[in-house]
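Notes follow once the structure below has been shown.
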Amino acid sequence: MTKIEDAIANEAEAEITPKTRKQRLWNVVKTILKIAVTSLLLYWVFSKVPFSEVKNRLLHANYWWMLAGVVAYFFSMVFSSWRLLSFFKSIDLKLDPRFNFRLYLLGIFYNLLLPGGIGGDGYKIYLLHKTYNFPTKKVFWAILFDRLSGLWAIGLIVVSLKIFIPQIQIHIAIPLAIFLVGSIIYYTVVKIFFKDFTKHFFKGHAKAILVQSCQVITIICVLMGQGFHGKFSPYLLSFLLSALAAVVPISVGGAGVREYMFKILSGIFNMNVGLAVFLSVSFYLISLVVALLGIYYVIRPSRLQDGLIEKKTDS
């Protein structure tokens with residue numbers, strides 16, 4: 001596994017600070033491809049769902065509920081940053097929580113608004129290695145397990161929502177058993193091959209549930225802002241499934257992929273397709289508003305560094 005880890009670590013540094021013409025060209029090509037995929041998916045979605053309907057829903061939304069959605073999403077980022085600290089502590093990387101949160105905001109800005117390169121996670125790996133001389137492989141695995149904990153939490157909530165969606169004609173025992181067995185295998189692999197990450201494993205995954213719950217609340221707020229009084233569960237399940245699909249880095253910040261998934265699932269779960277696509281667009285806009293906070297540390301990078309040098313690792 002060492003060769004794979006080294007390759008990923010080298011790629012992270014190359015993406016952030018490309019040294020050759022070939023690396024710079026590849027970054028440009030990936031950016032163009034992501035923009036193309038995003039554009040094609042959005043074109044397809046809005047060829048099926050009139051853009052005017054989505055626009056009218058946005059213009060006539062209850063903005064107090066939309067603001068509540070922004071607040072809920074912001075807290076999901078606070079909890080997400082807190083979750084990442086647990087995995088950093090597992091490798092004895094002790095960061096000031098304030099610096100970690102600033103770095104997290106900068107990371108989501110890079111992930112959402114700068115489609116090229118390896119994104120915010122790569123920047124974290126690069127900066128923490130450069131500043132602390134901390135092994136890039138360890139930082140990479142901490143960030144990877146942070147992401148995996150989020151996927152695990154989504155799986156847990158998806159299984160829970162199955163109870164409320166009769167369209168899925170599978171007994172609850174089947175997805176529940178799959179989830180439980182998968183969780184046991186997941187923890188066993190971590191315990192055997194990544195023992196360091198068992199130190200804060202359960203704490204980190206409990207925080208992941210908080211993160212995903214806040215994002216579910218974000219969607220509920222958007223629905224309430226539309227005066228919705230129907231069944232929430234199909235929309236929430238569709239949101240979580242679209243979040244899983246958006247993990248694949250083929251578009252700009254998941255845009256296009258989420259809308260595509262909502263459009264497909266609206267037919268399966270008998271949802272209002274206009275409302276479903278509006279939810280996806282709204283979530284992207286809300287995440288964009290929060291991500292824009294990270295631009296402050298692009299304009300004033302010295303503020304990001306506050307408290308960084310004083311803190312040292314215990315390794």
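Residues in the structure tokens are named by chain (A, B, ... in the order shown) and by number from 1 within that chain; ligands are numbered from 1 in the order shown.
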
Inset, instruction - Please provide as an MDAnalysis selection string all residues within 12 Å of stretch 101-107 of chain A, with the sequence filter that same-chain residues fewer than 2 positions apart are discarded (counting only C-alpha atoms). - result: chainID A and resid 74:85 95:99 109:114 118:128 143 253 287:308

Legend entry - Backbone DSSP call of alpha helix (DSSP H) for stretch 156-308 of chain A, listed as a ChimeraX atom specification: /A:156-161,173-193,201-224,233-246,257-268,273-291,296-299,301-305

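Counting only C-alpha atoms and comparing A:Phe87, A:Phe278, A:Ser251, A:Leu285, the residue that lies closest to A:Thr38 is A:Ser251.
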
Legend entry - Pick from A:Val190, A:Ile185, A:Leu176, A:Ala206, whichever lies nearest to A:Ser149 using only C-alpha atoms: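 Counting only C-alpha atoms, the residue closest to A:Ser149 is A:Ala206.
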
Inset, instruction - Tell me, as a ChimeraX atom specification, which residues lie within 8 Å of A:Ser280, counting only C-alpha atoms; anything in the same chain fewer than 6 positions away does not count. - result: /A:239,258-259,262

Legend entry - Surrounding residues of A:Lys55 excluding itself and chain neighbours under 4 positions, 12 Å, only C-alpha atoms, as a ChimeraX atom specification: /A:46,49-51,59-61,274-275,277-279,281-282

List the spatial neighbours of A:Lys34 as a PDB file with C-alpha atoms, in the first residue's frame - criterion: any atom at most 9 Å away, only C-alpha atoms, same-chain residues fewer than 4 positions off excluded.
```pdb
ATOM      1  CA  VAL A  29      -7.787  19.696 -19.057  1.00  0.00           C
ATOM      2  CA  LYS A  30      -9.441  18.380 -15.877  1.00  0.00           C
ATOM      3  CA  THR A  38     -21.525  20.062 -15.310  1.00  0.00           C
ATOM      4  CA  SER A  39     -22.861  21.976 -18.319  1.00  0.00           C
ATOM      5  CA  PRO A 115     -12.833  22.916 -10.143  1.00  0.00           C
ATOM      6  CA  GLY A 116      -9.275  22.215 -11.253  1.00  0.00           C
ATOM      7  CA  PRO A 249     -15.298  14.341  -8.703  1.00  0.00           C
ATOM      8  CA  ILE A 250     -16.623  14.715 -12.241  1.00  0.00           C
ATOM      9  CA  SER A 251     -18.335  18.098 -11.949  1.00  0.00           C
ATOM     10  CA  VAL A 252     -17.867  21.524 -10.398  1.00  0.00           C
TER      11      VAL A 252
END
```

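For the atom pair formed by atom CA of A:Phe201 and atom CA of A:Val189, the distance is 12.2 Å, given to one decimal.
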
Inset, instruction - Check the smallest atom-to-atom distance from each of A:Lys22, A:Ile91, A:Ala72, A:Asn272 to A:Phe228 using only C-alpha atoms, then report the winner. - result: A:Asn272

Inset, instruction - Determine, counting only C-alpha atoms, which protein, DNA and RNA residues have an atom within 10 Å of an atom of A:Trp64; residues of the same chain fewer than 5 positions away are not included. Present the result as a list in words. - result: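 Once the adjacent positions are removed, what remains is Gly69, Val70, Cys221, Val222, Met224 and Gly225 of chain A.
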
Please write the residues from the selection above to a file, keeping all heavy atoms, as a CSV table (one decimal), in the first residue's frame.
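And here's out.csv as it stands now:
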```
chain,number,residue,atom,x,y,z
A,69,GLY,N,-31.8,27.7,6.5
A,69,GLY,CA,-31.1,26.7,5.8
A,69,GLY,C,-29.6,27.0,5.7
A,69,GLY,O,-28.8,26.1,5.9
A,70,VAL,N,-29.3,28.3,5.5
A,70,VAL,CA,-27.9,28.7,5.4
A,70,VAL,C,-27.2,28.5,6.8
A,70,VAL,O,-26.1,28.0,6.9
A,70,VAL,CB,-27.8,30.2,5.0
A,70,VAL,CG1,-26.3,30.7,5.2
A,70,VAL,CG2,-28.3,30.4,3.6
A,221,CYS,N,-35.5,22.9,5.8
A,221,CYS,CA,-35.7,24.4,5.8
A,221,CYS,C,-36.1,24.9,4.5
A,221,CYS,O,-37.0,25.7,4.3
A,221,CYS,CB,-34.5,25.1,6.3
A,221,CYS,SG,-34.1,24.9,8.1
A,222,VAL,N,-35.4,24.4,3.4
A,222,VAL,CA,-35.7,24.8,2.0
A,222,VAL,C,-37.1,24.4,1.7
A,222,VAL,O,-37.9,25.1,1.1
A,222,VAL,CB,-34.7,24.3,1.0
A,222,VAL,CG1,-35.1,24.6,-0.4
A,222,VAL,CG2,-33.3,24.8,1.3
A,224,MET,N,-39.6,23.9,3.8
A,224,MET,CA,-40.6,24.7,4.5
A,224,MET,C,-40.7,26.1,3.9
A,224,MET,O,-41.7,26.7,3.9
A,224,MET,CB,-40.1,24.9,6.0
A,224,MET,CG,-40.1,23.6,6.8
A,224,MET,SD,-41.8,22.8,6.9
A,224,MET,CE,-42.6,24.1,8.0
A,225,GLY,N,-39.6,26.6,3.3
A,225,GLY,CA,-39.6,27.9,2.6
A,225,GLY,C,-40.5,27.8,1.4
A,225,GLY,O,-40.8,28.9,0.8
```

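Across A:Lys130, A:His205, A:Lys162, A:Lys199, the tightest approach to A:Leu148 is made by A:His205 when counting only C-alpha atoms.
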